[in-house]
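Below is target00.tsv, holding TSV, N, CA and C atoms.
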```tsv
chain	number	residue	atom	x	y	z
A	30	MET	N	12.23	217.72	199.95
A	30	MET	CA	12.83	217.83	198.63
A	30	MET	C	14.07	218.72	198.76
A	31	ASP	N	15.17	218.24	198.24
A	31	ASP	CA	16.39	219.03	198.25
A	31	ASP	C	16.26	220.19	197.26
A	32	SER	N	16.95	221.27	197.57
A	32	SER	CA	16.96	222.39	196.64
A	32	SER	C	17.96	222.11	195.52
A	33	ASN	N	17.86	222.88	194.45
A	33	ASN	CA	18.83	222.75	193.37
A	33	ASN	C	20.24	223.03	193.87
A	34	GLU	N	20.36	224.01	194.76
A	34	GLU	CA	21.68	224.35	195.32
A	34	GLU	C	22.27	223.14	196.03
A	35	GLU	N	21.44	222.44	196.82
A	35	GLU	CA	21.91	221.28	197.55
A	35	GLU	C	22.33	220.16	196.60
A	36	ALA	N	21.73	220.12	195.41
A	36	ALA	CA	22.07	219.11	194.41
A	36	ALA	C	23.22	219.56	193.52
A	37	GLY	N	23.78	220.73	193.81
A	37	GLY	CA	24.90	221.22	193.01
A	37	GLY	C	24.49	221.78	191.67
A	38	ILE	N	23.26	222.26	191.58
A	38	ILE	CA	22.76	222.82	190.32
A	38	ILE	C	22.52	224.30	190.49
A	39	ARG	N	23.15	225.08	189.65
A	39	ARG	CA	22.94	226.53	189.65
A	39	ARG	C	22.95	226.98	188.20
A	40	VAL	N	21.85	227.56	187.76
A	40	VAL	CA	21.73	228.04	186.38
A	40	VAL	C	21.48	229.53	186.43
A	41	VAL	N	22.31	230.27	185.71
A	41	VAL	CA	22.13	231.72	185.64
A	41	VAL	C	21.03	232.05	184.65
A	42	GLN	N	20.45	233.24	184.79
A	42	GLN	CA	19.46	233.71	183.82
A	42	GLN	C	20.16	233.95	182.49
A	43	HIS	N	19.73	233.27	181.45
A	43	HIS	CA	20.40	233.38	180.16
A	43	HIS	C	19.99	234.64	179.43
A	44	THR	N	20.93	235.16	178.65
A	44	THR	CA	20.66	236.37	177.87
A	44	THR	C	20.61	236.08	176.38
A	45	THR	N	20.99	234.85	175.98
A	45	THR	CA	20.91	234.46	174.56
A	45	THR	C	20.26	233.10	174.44
A	46	LEU	N	19.62	232.88	173.29
A	46	LEU	CA	19.00	231.58	173.03
A	46	LEU	C	20.06	230.49	172.98
A	47	GLU	N	21.22	230.80	172.46
A	47	GLU	CA	22.30	229.81	172.37
A	47	GLU	C	22.69	229.31	173.76
A	48	ASP	N	22.79	230.23	174.74
A	48	ASP	CA	23.12	229.83	176.11
A	48	ASP	C	22.00	228.97	176.70
A	49	ARG	N	20.76	229.34	176.43
A	49	ARG	CA	19.62	228.59	176.96
A	49	ARG	C	19.60	227.17	176.40
A	50	VAL	N	19.85	227.04	175.09
A	50	VAL	CA	19.88	225.72	174.45
A	50	VAL	C	21.04	224.89	175.01
A	51	ALA	N	22.20	225.50	175.17
A	51	ALA	CA	23.36	224.77	175.70
A	51	ALA	C	23.08	224.26	177.11
A	52	GLU	N	22.46	225.07	177.94
A	52	GLU	CA	22.14	224.64	179.31
A	52	GLU	C	21.10	223.53	179.31
A	53	ALA	N	20.15	223.60	178.38
A	53	ALA	CA	19.15	222.53	178.27
A	53	ALA	C	19.81	221.21	177.89
A	54	ARG	N	20.79	221.26	177.01
A	54	ARG	CA	21.52	220.04	176.63
A	54	ARG	C	22.25	219.45	177.83
A	55	VAL	N	22.89	220.32	178.61
A	55	VAL	CA	23.60	219.85	179.81
A	55	VAL	C	22.62	219.20	180.77
A	56	GLY	N	21.48	219.86	181.00
A	56	GLY	CA	20.48	219.31	181.91
A	56	GLY	C	19.93	217.98	181.42
A	57	ALA	N	19.64	217.87	180.14
A	57	ALA	CA	19.12	216.63	179.58
A	57	ALA	C	20.13	215.50	179.72
A	58	GLU	N	21.39	215.80	179.47
A	58	GLU	CA	22.44	214.78	179.62
A	58	GLU	C	22.59	214.38	181.08
A	59	ARG	N	22.58	215.35	181.97
A	59	ARG	CA	22.72	215.06	183.40
A	59	ARG	C	21.58	214.19	183.92
A	60	LEU	N	20.38	214.43	183.39
A	60	LEU	CA	19.21	213.65	183.80
A	60	LEU	C	19.08	212.34	183.03
A	61	GLY	N	19.89	212.15	182.01
A	61	GLY	CA	19.83	210.93	181.20
A	61	GLY	C	18.55	210.84	180.38
A	62	LEU	N	18.05	211.98	179.92
A	62	LEU	CA	16.80	211.98	179.15
A	62	LEU	C	17.03	211.42	177.76
A	63	SER	N	16.10	210.59	177.31
A	63	SER	CA	16.19	210.04	175.96
A	63	SER	C	15.11	210.63	175.06
A	64	MET	N	14.22	211.45	175.63
A	64	MET	CA	13.16	212.08	174.84
A	64	MET	C	13.62	213.46	174.38
A	65	PRO	N	13.00	213.98	173.33
A	65	PRO	CA	13.38	215.32	172.89
A	65	PRO	C	13.08	216.35	173.97
A	66	VAL	N	13.94	217.34	174.07
A	66	VAL	CA	13.76	218.43	175.02
A	66	VAL	C	13.61	219.71	174.21
A	67	LEU	N	12.52	220.42	174.45
A	67	LEU	CA	12.27	221.66	173.73
A	67	LEU	C	12.66	222.84	174.61
A	68	VAL	N	13.12	223.90	173.98
A	68	VAL	CA	13.57	225.08	174.70
A	68	VAL	C	12.71	226.26	174.25
A	69	ASP	N	12.17	226.97	175.22
A	69	ASP	CA	11.36	228.15	174.93
A	69	ASP	C	12.24	229.27	174.38
A	70	GLY	N	11.66	230.13	173.58
A	70	GLY	CA	12.37	231.28	173.05
A	70	GLY	C	12.68	232.28	174.15
A	71	MET	N	13.45	233.27	173.83
A	71	MET	CA	13.87	234.26	174.83
A	71	MET	C	12.72	235.13	175.32
A	72	GLU	N	11.63	235.17	174.58
A	72	GLU	CA	10.45	235.92	175.02
A	72	GLU	C	9.51	235.03	175.83
A	73	ASN	N	9.90	233.77	176.04
A	73	ASN	CA	9.12	232.81	176.85
A	73	ASN	C	7.70	232.61	176.33
A	74	GLU	N	7.59	232.51	175.00
A	74	GLU	CA	6.29	232.39	174.36
A	74	GLU	C	5.53	231.14	174.81
A	75	ALA	N	6.20	230.01	174.89
A	75	ALA	CA	5.53	228.77	175.32
A	75	ALA	C	5.09	228.86	176.77
A	76	SER	N	5.92	229.42	177.60
A	76	SER	CA	5.58	229.59	179.01
A	76	SER	C	4.31	230.43	179.14
A	77	GLU	N	4.24	231.50	178.38
A	77	GLU	CA	3.06	232.37	178.42
A	77	GLU	C	1.83	231.65	177.86
A	78	ALA	N	1.99	230.97	176.73
A	78	ALA	CA	0.85	230.32	176.07
A	78	ALA	C	0.28	229.17	176.89
A	79	PHE	N	1.13	228.44	177.60
A	79	PHE	CA	0.69	227.26	178.33
A	79	PHE	C	0.61	227.47	179.84
A	80	ALA	N	0.70	228.70	180.28
A	80	ALA	CA	0.66	229.00	181.72
A	80	ALA	C	1.61	228.09	182.47
A	81	ALA	N	2.85	228.10	182.04
A	81	ALA	CA	3.84	227.14	182.55
A	81	ALA	C	4.53	227.59	183.83
A	82	TRP	N	4.01	228.60	184.49
A	82	TRP	CA	4.59	228.99	185.77
A	82	TRP	C	3.56	228.80	186.84
A	83	PRO	N	3.82	228.04	187.87
A	83	PRO	CA	5.04	227.26	188.00
A	83	PRO	C	5.10	226.16	186.95
A	84	GLU	N	6.23	225.52	186.87
A	84	GLU	CA	6.47	224.53	185.82
A	84	GLU	C	5.37	223.47	185.80
A	85	ARG	N	5.14	222.94	184.60
A	85	ARG	CA	4.16	221.87	184.41
A	85	ARG	C	4.72	220.85	183.42
A	86	ILE	N	4.15	219.66	183.48
A	86	ILE	CA	4.48	218.63	182.49
A	86	ILE	C	3.32	218.58	181.51
A	87	TYR	N	3.62	218.72	180.21
A	87	TYR	CA	2.63	218.61	179.16
A	87	TYR	C	3.03	217.47	178.23
A	88	VAL	N	2.03	216.77	177.70
A	88	VAL	CA	2.25	215.82	176.61
A	88	VAL	C	1.37	216.30	175.46
A	89	VAL	N	1.99	216.50	174.29
A	89	VAL	CA	1.29	216.98	173.11
A	89	VAL	C	1.27	215.85	172.10
A	90	ASP	N	0.08	215.56	171.53
A	90	ASP	CA	-0.03	214.46	170.58
A	90	ASP	C	0.45	214.88	169.19
A	91	THR	N	0.43	213.95	168.26
A	91	THR	CA	0.96	214.21	166.92
A	91	THR	C	0.12	215.20	166.13
A	92	GLU	N	-1.09	215.47	166.60
A	92	GLU	CA	-1.95	216.46	165.96
A	92	GLU	C	-1.76	217.85	166.57
A	93	GLY	N	-0.85	217.94	167.56
A	93	GLY	CA	-0.60	219.21	168.21
A	93	GLY	C	-1.57	219.54	169.33
A	94	ARG	N	-2.38	218.56	169.75
A	94	ARG	CA	-3.32	218.77	170.84
A	94	ARG	C	-2.69	218.36	172.16
A	95	ILE	N	-3.08	219.05	173.22
A	95	ILE	CA	-2.59	218.70	174.55
A	95	ILE	C	-3.31	217.43	175.00
A	96	ALA	N	-2.51	216.37	175.21
A	96	ALA	CA	-3.06	215.08	175.64
A	96	ALA	C	-2.98	214.92	177.15
A	97	PHE	N	-2.07	215.64	177.77
A	97	PHE	CA	-1.90	215.58	179.23
A	97	PHE	C	-1.39	216.93	179.70
A	98	LYS	N	-2.05	217.47	180.73
A	98	LYS	CA	-1.60	218.71	181.35
A	98	LYS	C	-1.46	218.42	182.83
A	99	GLY	N	-0.22	218.44	183.30
A	99	GLY	CA	0.03	218.15	184.71
A	99	GLY	C	-0.25	219.35	185.60
A	100	GLY	N	-0.28	219.08	186.89
A	100	GLY	CA	-0.47	220.15	187.86
A	100	GLY	C	0.78	220.98	188.01
A	101	PRO	N	0.68	222.14	188.67
A	101	PRO	CA	1.85	222.99	188.83
A	101	PRO	C	2.92	222.29	189.66
A	102	GLY	N	4.15	222.45	189.21
A	102	GLY	CA	5.26	221.79	189.87
A	102	GLY	C	5.99	222.70	190.81
A	103	PRO	N	6.86	222.10	191.55
A	103	PRO	CA	7.22	220.69	191.47
A	103	PRO	C	6.32	219.78	192.30
A	104	TRP	N	5.48	220.32	193.13
A	104	TRP	CA	4.74	219.48	194.09
A	104	TRP	C	3.64	218.67	193.44
A	105	GLU	N	3.07	219.13	192.35
A	105	GLU	CA	1.98	218.39	191.71
A	105	GLU	C	2.40	217.68	190.44
A	106	PHE	N	3.72	217.56	190.22
A	106	PHE	CA	4.19	216.78	189.07
A	106	PHE	C	3.72	215.34	189.21
A	107	ASP	N	3.31	214.75	188.10
A	107	ASP	CA	2.91	213.34	188.11
A	107	ASP	C	3.51	212.67	186.87
A	108	PRO	N	4.83	212.40	186.92
A	108	PRO	CA	5.48	211.79	185.75
A	108	PRO	C	4.88	210.46	185.35
A	109	ASP	N	4.35	209.70	186.32
A	109	ASP	CA	3.74	208.41	185.97
A	109	ASP	C	2.51	208.61	185.11
A	110	ALA	N	1.68	209.58	185.43
A	110	ALA	CA	0.48	209.86	184.63
A	110	ALA	C	0.89	210.34	183.24
A	111	ALA	N	1.91	211.20	183.17
A	111	ALA	CA	2.40	211.66	181.87
A	111	ALA	C	2.93	210.47	181.07
A	112	GLY	N	3.64	209.56	181.73
A	112	GLY	CA	4.16	208.37	181.07
A	112	GLY	C	3.06	207.47	180.54
A	113	ARG	N	1.99	207.32	181.32
A	113	ARG	CA	0.86	206.50	180.85
A	113	ARG	C	0.22	207.13	179.61
A	114	THR	N	0.15	208.45	179.60
A	114	THR	CA	-0.40	209.13	178.42
A	114	THR	C	0.49	208.89	177.22
A	115	LEU	N	1.81	209.01	177.40
A	115	LEU	CA	2.74	208.75	176.30
A	115	LEU	C	2.60	207.32	175.80
A	116	GLU	N	2.51	206.37	176.70
A	116	GLU	CA	2.35	204.97	176.29
A	116	GLU	C	1.07	204.78	175.49
A	117	ARG	N	-0.01	205.40	175.94
A	117	ARG	CA	-1.29	205.28	175.23
A	117	ARG	C	-1.19	205.87	173.82
A	118	LEU	N	-0.48	206.99	173.70
A	118	LEU	CA	-0.34	207.64	172.40
A	118	LEU	C	0.56	206.86	171.44
A	119	LEU	N	1.52	206.14	172.01
A	119	LEU	CA	2.44	205.38	171.16
A	119	LEU	C	1.81	204.08	170.75
```

For the file at hand, write its structure as structure tokens.
Amino acid sequence: MDSNEEAGIRVVQHTTLEDRVAEARVGAERLGLSMPVLVDGMENEASEAFAAWPERIYVVDTEGRIAFKGGPGPWEFDPDAAGRTLERLL
């Protein structure tokens, strides 16, 4: 797996929510994402609540329940399984 540096990606640690949101928009555009992208607050509340370190893929249903919790990333990411969960929910 190439590093972010090798892919030409370098993100500084943000000090404002506005900077974090702007960088998320850039990343979503660069990846061609068509799904909503949520950004954690500056206190990293979601990261703490969902044990998101290392990164994980979550799918949350319309009732606010976790429908899919992926393994720690990047090595245990399973986008296909997350996609199947999304398809089932839709």

Between atom C of Trp104 (chain A) and CA of Val89 (chain A) - distance in Å to one decimal: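 Answer for the CA of Val89 (chain A) to atom C of Trp104 (chain A) separation: 20.5 Å.
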
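In this model, the gap between atom N of Gly70 (chain A) and CA of Leu46 (chain A) comes to 7.5 Å.
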
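Of all the residues in chain A, the ones DSSP labels as strand (DSSP E or B) from the backbone are A:Tyr87, A:Val88, A:Val89, A:Ile95, A:Ala96, A:Phe97, A:Lys98.
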
Residue among A:Ile86, A:Ala96, A:Met71, A:Val40 lying closest to Pro108 (chain A), counting only N, CA and C atoms: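 Looking only at the distances to Pro108 (chain A), the closest residue turns out to be A:Ile86.
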
Picked from region 31-117 of chain A by DSSP as helix (DSSP H, G or I), as a ChimeraX atom specification: /A:46-60,74-78,108-117

How would the residues just picked look written out with N, CA and C atoms as a PDB file, keeping the file's coordinate frame?
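This is the output file selection04.pdb:
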```
ATOM      1  N   LEU A  46      19.620 232.880 173.290  1.00  0.00           N
ATOM      2  CA  LEU A  46      19.000 231.580 173.030  1.00  0.00           C
ATOM      3  C   LEU A  46      20.060 230.490 172.980  1.00  0.00           C
ATOM      4  N   GLU A  47      21.220 230.800 172.460  1.00  0.00           N
ATOM      5  CA  GLU A  47      22.300 229.810 172.370  1.00  0.00           C
ATOM      6  C   GLU A  47      22.690 229.310 173.760  1.00  0.00           C
ATOM      7  N   ASP A  48      22.790 230.230 174.740  1.00  0.00           N
ATOM      8  CA  ASP A  48      23.120 229.830 176.110  1.00  0.00           C
ATOM      9  C   ASP A  48      22.000 228.970 176.700  1.00  0.00           C
ATOM     10  N   ARG A  49      20.760 229.340 176.430  1.00  0.00           N
ATOM     11  CA  ARG A  49      19.620 228.590 176.960  1.00  0.00           C
ATOM     12  C   ARG A  49      19.600 227.170 176.400  1.00  0.00           C
ATOM     13  N   VAL A  50      19.850 227.040 175.090  1.00  0.00           N
ATOM     14  CA  VAL A  50      19.880 225.720 174.450  1.00  0.00           C
ATOM     15  C   VAL A  50      21.040 224.890 175.010  1.00  0.00           C
ATOM     16  N   ALA A  51      22.200 225.500 175.170  1.00  0.00           N
ATOM     17  CA  ALA A  51      23.360 224.770 175.700  1.00  0.00           C
ATOM     18  C   ALA A  51      23.080 224.260 177.110  1.00  0.00           C
ATOM     19  N   GLU A  52      22.460 225.070 177.940  1.00  0.00           N
ATOM     20  CA  GLU A  52      22.140 224.640 179.310  1.00  0.00           C
ATOM     21  C   GLU A  52      21.100 223.530 179.310  1.00  0.00           C
ATOM     22  N   ALA A  53      20.150 223.600 178.380  1.00  0.00           N
ATOM     23  CA  ALA A  53      19.150 222.530 178.270  1.00  0.00           C
ATOM     24  C   ALA A  53      19.810 221.210 177.890  1.00  0.00           C
ATOM     25  N   ARG A  54      20.790 221.260 177.010  1.00  0.00           N
ATOM     26  CA  ARG A  54      21.520 220.040 176.630  1.00  0.00           C
ATOM     27  C   ARG A  54      22.250 219.450 177.830  1.00  0.00           C
ATOM     28  N   VAL A  55      22.890 220.320 178.610  1.00  0.00           N
ATOM     29  CA  VAL A  55      23.600 219.850 179.810  1.00  0.00           C
ATOM     30  C   VAL A  55      22.620 219.200 180.770  1.00  0.00           C
ATOM     31  N   GLY A  56      21.480 219.860 181.000  1.00  0.00           N
ATOM     32  CA  GLY A  56      20.480 219.310 181.910  1.00  0.00           C
ATOM     33  C   GLY A  56      19.930 217.980 181.420  1.00  0.00           C
ATOM     34  N   ALA A  57      19.640 217.870 180.140  1.00  0.00           N
ATOM     35  CA  ALA A  57      19.120 216.630 179.580  1.00  0.00           C
ATOM     36  C   ALA A  57      20.130 215.500 179.720  1.00  0.00           C
ATOM     37  N   GLU A  58      21.390 215.800 179.470  1.00  0.00           N
ATOM     38  CA  GLU A  58      22.440 214.780 179.620  1.00  0.00           C
ATOM     39  C   GLU A  58      22.590 214.380 181.080  1.00  0.00           C
ATOM     40  N   ARG A  59      22.580 215.350 181.970  1.00  0.00           N
ATOM     41  CA  ARG A  59      22.720 215.060 183.400  1.00  0.00           C
ATOM     42  C   ARG A  59      21.580 214.190 183.920  1.00  0.00           C
ATOM     43  N   LEU A  60      20.380 214.430 183.390  1.00  0.00           N
ATOM     44  CA  LEU A  60      19.210 213.650 183.800  1.00  0.00           C
ATOM     45  C   LEU A  60      19.080 212.340 183.030  1.00  0.00           C
ATOM     46  N   GLU A  74       7.590 232.510 175.000  1.00  0.00           N
ATOM     47  CA  GLU A  74       6.290 232.390 174.360  1.00  0.00           C
ATOM     48  C   GLU A  74       5.530 231.140 174.810  1.00  0.00           C
ATOM     49  N   ALA A  75       6.200 230.010 174.890  1.00  0.00           N
ATOM     50  CA  ALA A  75       5.530 228.770 175.320  1.00  0.00           C
ATOM     51  C   ALA A  75       5.090 228.860 176.770  1.00  0.00           C
ATOM     52  N   SER A  76       5.920 229.420 177.600  1.00  0.00           N
ATOM     53  CA  SER A  76       5.580 229.590 179.010  1.00  0.00           C
ATOM     54  C   SER A  76       4.310 230.430 179.140  1.00  0.00           C
ATOM     55  N   GLU A  77       4.240 231.500 178.380  1.00  0.00           N
ATOM     56  CA  GLU A  77       3.060 232.370 178.420  1.00  0.00           C
ATOM     57  C   GLU A  77       1.830 231.650 177.860  1.00  0.00           C
ATOM     58  N   ALA A  78       1.990 230.970 176.730  1.00  0.00           N
ATOM     59  CA  ALA A  78       0.850 230.320 176.070  1.00  0.00           C
ATOM     60  C   ALA A  78       0.280 229.170 176.890  1.00  0.00           C
ATOM     61  N   PRO A 108       4.830 212.400 186.920  1.00  0.00           N
ATOM     62  CA  PRO A 108       5.480 211.790 185.750  1.00  0.00           C
ATOM     63  C   PRO A 108       4.880 210.460 185.350  1.00  0.00           C
ATOM     64  N   ASP A 109       4.350 209.700 186.320  1.00  0.00           N
ATOM     65  CA  ASP A 109       3.740 208.410 185.970  1.00  0.00           C
ATOM     66  C   ASP A 109       2.510 208.610 185.110  1.00  0.00           C
ATOM     67  N   ALA A 110       1.680 209.580 185.430  1.00  0.00           N
ATOM     68  CA  ALA A 110       0.480 209.860 184.630  1.00  0.00           C
ATOM     69  C   ALA A 110       0.890 210.340 183.240  1.00  0.00           C
ATOM     70  N   ALA A 111       1.910 211.200 183.170  1.00  0.00           N
ATOM     71  CA  ALA A 111       2.400 211.660 181.870  1.00  0.00           C
ATOM     72  C   ALA A 111       2.930 210.470 181.070  1.00  0.00           C
ATOM     73  N   GLY A 112       3.640 209.560 181.730  1.00  0.00           N
ATOM     74  CA  GLY A 112       4.160 208.370 181.070  1.00  0.00           C
ATOM     75  C   GLY A 112       3.060 207.470 180.540  1.00  0.00           C
ATOM     76  N   ARG A 113       1.990 207.320 181.320  1.00  0.00           N
ATOM     77  CA  ARG A 113       0.860 206.500 180.850  1.00  0.00           C
ATOM     78  C   ARG A 113       0.220 207.130 179.610  1.00  0.00           C
ATOM     79  N   THR A 114       0.150 208.450 179.600  1.00  0.00           N
ATOM     80  CA  THR A 114      -0.400 209.130 178.420  1.00  0.00           C
ATOM     81  C   THR A 114       0.490 208.890 177.220  1.00  0.00           C
ATOM     82  N   LEU A 115       1.810 209.010 177.400  1.00  0.00           N
ATOM     83  CA  LEU A 115       2.740 208.750 176.300  1.00  0.00           C
ATOM     84  C   LEU A 115       2.600 207.320 175.800  1.00  0.00           C
ATOM     85  N   GLU A 116       2.510 206.370 176.700  1.00  0.00           N
ATOM     86  CA  GLU A 116       2.350 204.970 176.290  1.00  0.00           C
ATOM     87  C   GLU A 116       1.070 204.780 175.490  1.00  0.00           C
ATOM     88  N   ARG A 117      -0.010 205.400 175.940  1.00  0.00           N
ATOM     89  CA  ARG A 117      -1.290 205.280 175.230  1.00  0.00           C
ATOM     90  C   ARG A 117      -1.190 205.870 173.820  1.00  0.00           C
TER      91      ARG A 117
END
```

Point-to-point distance in Å for CA of Ala75 (chain A) and CA of Glu34 (chain A):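 CA of Glu34 (chain A) sits 26.1 Å away from CA of Ala75 (chain A).
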
Selection near Pro101 (chain A), 7 Å with only C-alpha atoms, sequence-local residues under 3 positions removed, as a ChimeraX atom specification: /A:83-85,104-106

Within 8 Å of Asp69 (chain A) using all atoms listed in the file, minus same-chain residues under 3 positions, as a list of chain:residue names: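 Result of the neighbour search: A:Leu46, A:Arg49, A:Val50, A:Val66, A:Glu72, A:Asn73, A:Glu74, A:Ala75, A:Ser76.
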